[in-house]
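Reading through the structure tokens given below for one structure.
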Amino acid sequence: MRIGIFTLIVIVCFACSDNQEVDCNLSDLELTVSGNENADCNEGASITLEAIGGEGPYLFRFDGSPFQDLTEFNGVSLGGPFLAEVKDANGCEATLEVIVSGDENTVSFSASTAVAGCGSANGSIGVTASGGDGSYQYRLENGAFGSITSFSGLESGTYQVSVKDGTGCINVKGIKVLSGISYENSVESIIIGSCATTDCHVSGTGRVNLTVFDNVQKNAESIKTRVLNGSMPKDDVLTDAEIEAIVCWVDDGALNN
């Protein structure tokens with residue numbers, strides 16, 4: 001198992017108030033990973049996450065799954081790198097990359113995706129299998145195994161895709177379908193027009209300068225949370241379409257697109 005470079009993401013409070021900001025650069029939060037490095041033919045590897053430092057309680061996620069209080073993730077397939085993440089009570093995060101090794105003869109697969117659209121279900125996943133005994137069946141989520149190698153009509157999100165060969169070996173991966181929402185075309189104007197105003201979130205205000213893309217990207221999860229609960233922007237109200245655009249962009253991974 002190979003573990004990548006430790007990373008911290010700075011999360012700060014966005015509401016323009018007197019609340020104390022949390023600077024995660026000062027956090028000692030760390031994430032460790034243990035478990036079975038070799039993926040079993042039928043069950044896959046078992047990965048266990050553990051948090052050190054920071055402030056509990058902790059939430060964990062693996063390979064794009066939702067944050068949850070579970071620490072063990074089973075059925076992890078060969079390959080990677082997979083991104084393991086932890087978030088503490090202050091909203092600070094730490095990440096590690098994990099690669100799972102195993103028998104080269106185990107069935108494996110790659111997947112291609114098409115974007116779903118924000119709030120639409122136009123996404124698709126195409127699967128190409130290799131290894132194993134060469135006789136493959138496929139399924140999406142908990143559906144039945146079959147010969148179909150592509151799945152369409154998908155909303156944005158992460159889907160469990162499984163490939164089984166003739167000996168019964170199964171490889172399972174979480175495949176992410178993006179909404180395809182563009183920061184430049186759909187989100188930037190909302191942030192600049194409603195959030196980065198003269199008295200809030202611009203240079204010289206003492207707040208996070210949201211006219212700088214890197215600052216928006218680093219704090220994307222907090223922006224999403226605050227536009228959903230209505231605490232951001234301070235002096236404006238976003239339309240449902242604007243909120244949806246921000247949420248779709250953040251859920252896609254806050255891409256520079």
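Ordered as shown in the structure tokens, chains take letters A, B, and onward, while each chain numbers its residues from 1 and ligands are numbered from 1 in the order shown.
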
*Can you list, as an MDAnalysis selection string, all residues belonging to region 177-227 of chain A that DSSP tags as helix (DSSP H, G or I)?*
chainID A and resid 183:195 213:218 220:227

*If we count only C-alpha atoms, what is near Gly131 (chain A) at a cut-off of 9 Å, once residues fewer than 2 positions away on the same chain are taken out, given as an NGL selection string?*
:A and (104-109 or 129 or 133-134 or 165)

For the residues in the current selection, export N, CA, C and O atoms as a PDB file, in the first residue's frame.
```pdb
ATOM      1  N   GLU A 104      -2.213 -10.134 -10.605  1.00  0.00           N
ATOM      2  CA  GLU A 104      -2.386  -9.567 -11.929  1.00  0.00           C
ATOM      3  C   GLU A 104      -3.473 -10.266 -12.725  1.00  0.00           C
ATOM      4  O   GLU A 104      -4.003  -9.715 -13.686  1.00  0.00           O
ATOM      5  N   ASN A 105      -3.803 -11.491 -12.362  1.00  0.00           N
ATOM      6  CA  ASN A 105      -4.828 -12.229 -13.091  1.00  0.00           C
ATOM      7  C   ASN A 105      -6.246 -11.884 -12.649  1.00  0.00           C
ATOM      8  O   ASN A 105      -7.214 -12.349 -13.228  1.00  0.00           O
ATOM      9  N   THR A 106      -6.364 -11.061 -11.608  1.00  0.00           N
ATOM     10  CA  THR A 106      -7.689 -10.667 -11.146  1.00  0.00           C
ATOM     11  C   THR A 106      -8.359  -9.781 -12.181  1.00  0.00           C
ATOM     12  O   THR A 106      -7.712  -8.943 -12.807  1.00  0.00           O
ATOM     13  N   VAL A 107      -9.654  -9.954 -12.370  1.00  0.00           N
ATOM     14  CA  VAL A 107     -10.382  -9.146 -13.341  1.00  0.00           C
ATOM     15  C   VAL A 107     -10.302  -7.670 -12.959  1.00  0.00           C
ATOM     16  O   VAL A 107     -10.370  -7.304 -11.790  1.00  0.00           O
ATOM     17  N   SER A 108     -10.103  -6.823 -13.957  1.00  0.00           N
ATOM     18  CA  SER A 108     -10.052  -5.382 -13.728  1.00  0.00           C
ATOM     19  C   SER A 108     -10.818  -4.689 -14.845  1.00  0.00           C
ATOM     20  O   SER A 108     -11.201  -5.319 -15.843  1.00  0.00           O
ATOM     21  N   PHE A 109     -11.037  -3.396 -14.694  1.00  0.00           N
ATOM     22  CA  PHE A 109     -11.737  -2.667 -15.756  1.00  0.00           C
ATOM     23  C   PHE A 109     -11.447  -1.178 -15.664  1.00  0.00           C
ATOM     24  O   PHE A 109     -11.062  -0.658 -14.622  1.00  0.00           O
ATOM     25  N   ALA A 129     -13.444  -4.180 -19.717  1.00  0.00           N
ATOM     26  CA  ALA A 129     -12.863  -5.128 -18.758  1.00  0.00           C
ATOM     27  C   ALA A 129     -11.631  -5.814 -19.339  1.00  0.00           C
ATOM     28  O   ALA A 129     -11.454  -5.912 -20.555  1.00  0.00           O
ATOM     29  N   ASP A 133     -10.741 -14.471 -16.601  1.00  0.00           N
ATOM     30  CA  ASP A 133     -10.793 -15.541 -17.605  1.00  0.00           C
ATOM     31  C   ASP A 133     -11.350 -15.059 -18.939  1.00  0.00           C
ATOM     32  O   ASP A 133     -11.540 -15.852 -19.859  1.00  0.00           O
ATOM     33  N   GLY A 134     -11.628 -13.736 -19.037  1.00  0.00           N
ATOM     34  CA  GLY A 134     -12.058 -13.182 -20.318  1.00  0.00           C
ATOM     35  C   GLY A 134     -13.540 -13.248 -20.584  1.00  0.00           C
ATOM     36  O   GLY A 134     -14.012 -12.778 -21.620  1.00  0.00           O
ATOM     37  N   ASP A 165     -16.042 -12.051 -13.778  1.00  0.00           N
ATOM     38  CA  ASP A 165     -15.606 -12.955 -14.841  1.00  0.00           C
ATOM     39  C   ASP A 165     -16.226 -14.334 -14.657  1.00  0.00           C
ATOM     40  O   ASP A 165     -17.020 -14.558 -13.732  1.00  0.00           O
TER      41      ASP A 165
END
```

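Excluding Glu85 (chain A) and any residue on its chain fewer than 6 positions from it, the residues at most 9 Å away by only C-alpha atoms are Leu31, Leu49, Leu59, Phe60, Arg61, Phe62, Asp63, Gly64, Phe67, Glu93, Ala94, Thr95, Leu96 and Glu97 of chain A.
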
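In this model, the gap between CA of Ser46 (chain A) and CA of Glu72 (chain A) comes to 7.0 Å.
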
_Test item: residues at most 9 Å from region 191-195 of chain A, only C-alpha atoms, excluding those fewer than 2 positions along its chain, as a list in words_ = Val187, Glu188, Ser189, Thr197, Cys200, His201, Val202, Leu210, Thr211, Val216, Met232, Pro233, Lys234, Asp235, Asp236, Val237, Leu238 and Ile246 of chain A

_DSSP on the backbone: which residues in region 52-229 of chain A end up as strand (DSSP E)? Give the answer as JSON, numbers by chain._
{"A": [52, 59, 60, 61, 62, 72, 73, 74, 75, 76, 79, 80, 81, 82, 83, 84, 85, 86, 87, 93, 94, 95, 96, 97, 98, 99, 100, 108, 109, 110, 111, 112, 113, 114, 123, 124, 125, 126, 127, 128, 129, 130, 137, 138, 139, 140, 150, 151, 152, 153, 154, 157, 158, 159, 160, 161, 162, 163, 164, 170, 171, 172, 173, 174, 175, 176, 177]}

*Selection near Val33 (chain A), 9 Å with only C-alpha atoms, sequence-local residues under 4 positions removed, as a VMD selection string*: chain A and resid 3 47 to 50 84 96 98

Saved selection, atoms kept: C-alpha atoms, as a PDB file, in the first residue's frame:
```pdb
ATOM      1  CA  ILE A   3       0.411   6.480   0.898  1.00  0.00           C
ATOM      2  CA  ILE A  47      -9.348  -0.388   4.138  1.00  0.00           C
ATOM      3  CA  THR A  48      -9.501   1.086   7.655  1.00  0.00           C
ATOM      4  CA  LEU A  49      -9.080   4.815   8.301  1.00  0.00           C
ATOM      5  CA  GLU A  50      -7.972   6.420  11.560  1.00  0.00           C
ATOM      6  CA  ALA A  84      -8.931   8.800   1.569  1.00  0.00           C
ATOM      7  CA  LEU A  96      -3.986  10.474   1.783  1.00  0.00           C
ATOM      8  CA  VAL A  98      -3.899   4.746  -1.351  1.00  0.00           C
TER       9      VAL A  98
END
```

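Atom pair CA of Ala220 (chain A) / CA of Ala245 (chain A) has a distance of 12.5 Å (rounded to one decimal).
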
*Please, what distance in Å, to one decimal, runs between CA of Ile170 (chain A) and CA of Asn122 (chain A)?*
27.4 Å

So which residues touch Gly54 (chain A) within 9 Å, counting only C-alpha atoms, skipping near sequence neighbours fewer than 6 positions away, as a compact mmCIF listing (two decimals) with C-alpha atoms, in the first residue's frame?
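The resulting part18.txt:
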```
# COMPACT_ATOMS: atom_id res chain seq x y z
CA SER A 27 -4.45 22.01 12.88
CA ASP A 28 -2.49 18.85 13.74
CA LEU A 29 -5.12 16.63 12.09
CA GLU A 30 -3.64 13.54 10.39
CA LYS A 87 -12.93 15.91 8.31
CA ASP A 88 -12.92 16.98 11.96
CA ALA A 89 -15.42 18.99 14.01
CA ASN A 90 -13.80 22.27 12.90
CA CYS A 92 -10.51 20.85 8.78
```

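When only C-alpha atoms are used to measure the gap to Tyr138 (chain A), the shortest distance among A:Lys164, A:Tyr159, A:Ile125, A:Val208 belongs to A:Lys164.
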
_Shell around Val177 (chain A) at 7 Å using only C-alpha atoms, local window under 6 positions removed, as a PyMOL selection string_ = chain A and resi 113-116+123+156-158

For the residues selected in the previous step, produce a file with all heavy atoms as a compact mmCIF listing (two decimals), in the first residue's frame.
```txt
# COMPACT_ATOMS: atom_id res chain seq x y z
N THR A 113 -16.81 8.16 -18.89
CA THR A 113 -18.09 8.77 -18.49
C THR A 113 -18.46 9.93 -19.40
O THR A 113 -17.59 10.54 -20.04
CB THR A 113 -18.02 9.29 -17.04
OG1 THR A 113 -17.03 10.33 -16.96
CG2 THR A 113 -17.68 8.18 -16.07
N ALA A 114 -19.74 10.22 -19.45
CA ALA A 114 -20.26 11.42 -20.10
C ALA A 114 -21.00 12.23 -19.05
O ALA A 114 -21.66 11.66 -18.17
CB ALA A 114 -21.19 11.06 -21.26
N VAL A 115 -20.89 13.56 -19.11
CA VAL A 115 -21.48 14.42 -18.07
C VAL A 115 -23.00 14.31 -18.07
O VAL A 115 -23.64 14.08 -19.10
CB VAL A 115 -21.04 15.87 -18.24
CG1 VAL A 115 -19.53 16.00 -18.10
CG2 VAL A 115 -21.49 16.44 -19.58
N ALA A 116 -23.56 14.54 -16.88
CA ALA A 116 -25.01 14.40 -16.69
C ALA A 116 -25.76 15.68 -16.93
O ALA A 116 -26.96 15.67 -17.24
CB ALA A 116 -25.29 13.90 -15.28
N GLY A 123 -26.14 11.62 -17.97
CA GLY A 123 -24.83 11.02 -17.81
C GLY A 123 -24.80 9.55 -18.22
O GLY A 123 -25.84 8.89 -18.31
N SER A 156 -25.66 13.24 -11.95
CA SER A 156 -24.30 13.36 -11.44
C SER A 156 -24.21 12.68 -10.08
O SER A 156 -25.17 12.66 -9.30
CB SER A 156 -23.90 14.83 -11.33
OG SER A 156 -24.77 15.53 -10.47
N GLY A 157 -23.06 12.10 -9.79
CA GLY A 157 -22.85 11.39 -8.53
C GLY A 157 -21.89 10.24 -8.73
O GLY A 157 -21.38 10.01 -9.83
N THR A 158 -21.63 9.50 -7.66
CA THR A 158 -20.72 8.35 -7.71
C THR A 158 -21.52 7.06 -7.71
O THR A 158 -22.40 6.86 -6.85
CB THR A 158 -19.75 8.37 -6.52
OG1 THR A 158 -18.98 9.58 -6.56
CG2 THR A 158 -18.80 7.19 -6.58
```
